[in-house]
Amino acid sequence: MALSRRHFLKAAAGSGLLLAGGAQPGRAAGSAVPAPEAVGILYDATLCIGCNACMVSCKQYNTMPGGALEQEDGSLPYEHITPAQIYDAPVELSARTLNIIKAYKSGRGTNKDSQADGYSFIKQHCMHCLEPACVSVCPVAALQKAPDSGIVFYEAERCIGCRYCQVACPFGIPKFEWGKTAPRIRKCQLCRHRYAKGGYAACCEFCPTGASLFGPLAALRREAKNRLAATPGSAYDFPVRTVDSGVSQRRPVSRYIDQVYGLAEAGGTQYLLMAGVPFELLGLNPAISEQAYPQLTWDYIRKVPALVAVLIAAGVASHMITRQRAPEKAP
Amino acid sequence: MTKGHARQGTATIQGISRRDFMKFCTVMAVSMGLPEAMAPRIAAAVTAPKRPPVIWLSAQECTGCVETLLRATHPTLEHLLLDLISLEYSETLCVGAGHQAEEFRARSIAANAGNFILVVDGAIPVKDGGIYCKIAGRPVVDILLETAPQAAAVIAIGSCASWGGVPSAAPNPTGATPVHKILAGSGCVVINIPGCPPNPYNFLSTILYYLTFKRLPDLDDKLRPKFAYGRLIHENCERRPHFDAGRFAEEFGDPGHRQGYCLYKLGCKGPETYNNCPSILYGDVGSGSWPVGTGHPCFGCSEEGVGFTVPLHTPARPLHVTPPAMFPAAIPEEGAGATALAAGVAGLALGAGVVALGLSLGKQAEEEED
């Protein structure tokens with residue numbers, strides 16, 4: 001391979017620029033700013049009646065073409081498929097279940113949304129972080145954050161199956177299809193295929209009480225703050241389906257714990273949660289800080305392009321040096 | 001007439017066998033949540049020579065409550081009127097009319113003071129001195145206040161009498177008031193049998209309970225018998241599995257509706273209405289013979305603040321959404337491994353014990369042989 005010194009320097013400079021160009025400057029912790037058109041979901045556990053309509057519609061609508069659960073044969077990915085029976089009773093998020101309703105229960109479990117002798121539902125799926133760790137660790141950009149909607153989505157064609165995203169996600173969301181020959185990562189993609197056609201998340205469209213509410217992130221944050229500010233017991237018009245649908249149900253405000261989960265957690269997320277029971281009891285890891293997770297490793301990761309450039313330069317240089325010496329040894 | 005004659009009379013009037021009669025008593029016992037062994041006591045009560053006198057007052061009502069009673073088949077109307085109770089006065093069913101009927105009512109009240117059961121259907125208007133409902137020229141509120149203190153018990157049948165029902169719907173122009181509020185502080189015992197119309201068997205079971213035990217059934221805080229109104233419709237609904245599985249009819253006539261999915265999204269008030277409709281059904285015509293069974297959401301007719309108050313297709317606010325056992329725990333329980341280990345250790349100990357026992361037994365046998 002003939003490579004002049006001139007060509008080598010050009011190539012080294014070019015690749016360095018290319019790698020450096022994709023990098024972003026580091027930001028302060030917890031200050032992630034959502035895109036102006038970012039969309040999200042507000043889940044209010046006090047409105048949830050545990051009907052599972054969100055889980056059913058999630059599976060149904062994400063199995064359609066373009067959906068996050070689309071199967072090669074177009075089938076519905078039930079949790080349990082044997083020759084004898086097919087049924088769906090997920091107990092945990094999986095590559096076949098991207099959205100799950102779980103329950104907290106203590107004591108007699110009779111009082112909704114209270115900690116003692118009470119119970120509460122909780123809905124788990126991708127948080128759509130403002131600065132997603134899964135995106136930052138993906139070496140091939142198979143996971144990306146849409147610049148406009150902020151949806152964290154996945155492109156199977158790019159994925160090399162390294163599963164770094166599984167390790168990186170502090171919420172344990174990305175799931176891998178261990179049983180398949182051509183496995184994919186499966187996670188909630190906020191019904192991106194429906195959003196592209198003017199629709200919105202199926203879990204919100206089919207929620208009968210507005211417990212799952214879709215809308216622009218800014219409006220959802222306002223809505224959540226309004227609910228926290230309202231006096232418990234007073235009547236409040238809870239929007240249904242989307243925050244600006246114009247359809248609402250008047251109900252008394254429950255006693256919330258004074259926190260909207262997702263405003264600051266992991267640097268802020270586009271999935272916000274409200275509840276009457278502390279979030280750590282609902283299975284949300286209390287160790288998750290307000291740090292945007294990619295920033296933890298940014299000081300190291302930002303040096304990777306330079307490191308790669310140096311390695312390429314060093315390799316090419318050593319090749320050229322050894323090649324120049326080779327003819328001298330020849331007889 | 002002796003007791004024996006009364007039983008004989010039952011057979012001849014009704015043309016039913018003793019066997020059928022005992023079957024009826026058993027069915028009534030079961031519908032009240034009583035053991036079958038109670039059937040003979042019920043039989044004795046309903047064949048007692050002196051049938052309990054009943055005075056039936058009607059206020060602001062549509063006669064639906066009487067109609068529902070007429071359509072009960074166990075017992076049939078004639079069995080009820082001729083054998084079980086002595087209906088002394090009812091504007092709908094009286095043979096007499098006008099002054100004749102009113103005179104008989106006064107005589108019956110005087111003769112049976114302290115013993116008769118007073119049944120009231122319809123709300124009681126109190127505005128403007130109660131002039132919006134008059135019987136024989138007198139406001140019904142006056143008649144109620146005069147009659148109730150002499151009754152052994154007052155049964156308010158139907159939603160109107162129980163909590164106001166249709167006549168009390170806003171703006172309530174006549175000041176329609178439920179019976180228990182009119183009689184509050186008078187010391188009268190009031191039982192509410194709400195519903196529009198109520199299930200006749202809730203009423204009949206209450207009457208028979210009283211006849212059998214000479215006391216009233218357990219009542220809840222809204223004065224309803226617990227055997228009938230102890231549970232939400234949602235808890236016994238035949239469509240509940242669809243609710244739990246997230247399958248809903250989105251609109252009337254859609255594929256989900258045709259497949260019998262849950263009607264919650266169409267405004268079913270089952271999750272906030274206490275009644276036993278899904279358990280005992282209506283009209284004795286077999287399964288599915290109640291509103292939700294026919295594909296229409298429950299209207300909450302028997303529940304104060306729901307029926308005639310909340311719009312028909314507004315989604316209900318479920319009370320007591322007890323999480324079913326099938327929900328995965330938010331924080332999974334740990335320690336399954338330790339349990340398995342403990343079981344293994346226990347198994348080892350058991351095995352060792354058996355071996356030791358076997359060895360010692362063998363030794364004993366050897367010693368005995370020696």
# chains A, B, ... in the order shown; residues from 1 in each chain; ligands from 1
call {"tool": "select_by_dssp", "arguments": {"residues": "stretch 38-204 of chain A", "states": "alpha helix (DSSP H)", "output": "PyMOL selection string"}}
result
chain A and resi 53-62+133-137+164-168+192-195+202-204
call {"tool": "residues_around", "arguments": {"residues": "B:Leu223", "least_positions_apart": "3", "cutoff": "9 Å", "atoms": "only C-alpha atoms", "output": "VMD selection string"}}
result
chain B and resid 162 180 190 to 193 218 to 220 226
call {"tool": "closest_residue", "arguments": {"among": "A:Cys162, A:Cys191, A:Leu282, A:Ala201", "to": "chain B", "atoms": "only C-alpha atoms"}}
result
A:Leu282
call {"tool": "atom_distance", "arguments": {"atom1": "atom CA of B:Cys133", "atom2": "atom CA of B:Gly300"}}
result
26.2 Å
call {"tool": "interface_residues", "arguments": {"of": "chain B", "to": "chain A", "cutoff": "10 Å", "atoms": "only C-alpha atoms", "output": "PyMOL selection string"}}
result
chain B and resi 240-248+250+264-267+314-332
call {"tool": "atom_distance", "arguments": {"atom1": "atom CA of A:Ser234", "atom2": "atom CA of A:Ile257"}}
result
16.2 Å
call {"tool": "closest_residue", "arguments": {"among": "B:Glu334, B:Glu102, B:Glu251, B:Asp128", "to": "B:His296", "atoms": "only C-alpha atoms"}}
result
B:Glu251
call {"tool": "residues_around", "arguments": {"residues": "A:Tyr43", "least_positions_apart": "6", "cutoff": "6 Å", "atoms": "only C-alpha atoms", "output": "PDB file with N, CA and C atoms, in the first residue's frame"}}
result
ATOM      1  N   ALA A 211     -54.705   8.474  33.591  1.00  0.00           N
ATOM      2  CA  ALA A 211     -53.546   8.193  34.441  1.00  0.00           C
ATOM      3  C   ALA A 211     -52.275   8.266  33.615  1.00  0.00           C
ATOM      4  N   SER A 212     -52.339   7.806  32.365  1.00  0.00           N
ATOM      5  CA  SER A 212     -51.239   7.999  31.421  1.00  0.00           C
ATOM      6  C   SER A 212     -51.650   9.112  30.480  1.00  0.00           C
ATOM      7  N   LEU A 273     -43.579  10.942  36.616  1.00  0.00           N
ATOM      8  CA  LEU A 273     -44.462  10.133  37.452  1.00  0.00           C
ATOM      9  C   LEU A 273     -44.893  10.913  38.683  1.00  0.00           C
TER      10      LEU A 273
END
call {"tool": "residues_around", "arguments": {"residues": "B:Phe299", "least_positions_apart": "2", "cutoff": "7 Å", "atoms": "only C-alpha atoms", "output": "NGL selection string"}}
result
:B and (268-269 or 297 or 301 or 307 or 312)
call {"tool": "atom_distance", "arguments": {"atom1": "atom CA of A:Pro170", "atom2": "atom CA of A:Ile288"}}
result
7.0 Å
call {"tool": "select_by_dssp", "arguments": {"residues": "stretch 88-183 of chain B", "states": "strand (DSSP E)", "output": "list in words"}}
result
Glu88, Tyr89, Ser90, Ile117, Leu118, Val119, Val120, Asp121, Ile124, Pro125, Lys134, Ile135, Arg138, Pro139, Ala153, Val154, Ile155, Ala156, Ile157, Ala176 and Thr177 of chain B
call {"tool": "closest_residue", "arguments": {"among": "B:Pro139, B:Gly187, B:Gly256, B:Gly129", "to": "B:Val154", "atoms": "only C-alpha atoms"}}
result
B:Gly187
call {"tool": "closest_residue", "arguments": {"among": "A:Leu213, A:Cys129, A:Ala313, A:Ala45", "to": "A:Tyr200", "atoms": "only C-alpha atoms"}}
result
A:Leu213
call {"tool": "residues_around", "arguments": {"residues": "A:Val135", "least_positions_apart": "3", "cutoff": "12 Å", "atoms": "only C-alpha atoms", "output": "PyMOL selection string"}}
result
chain A and resi 128-132+138-146+150-155+159+163-169+174+293-294
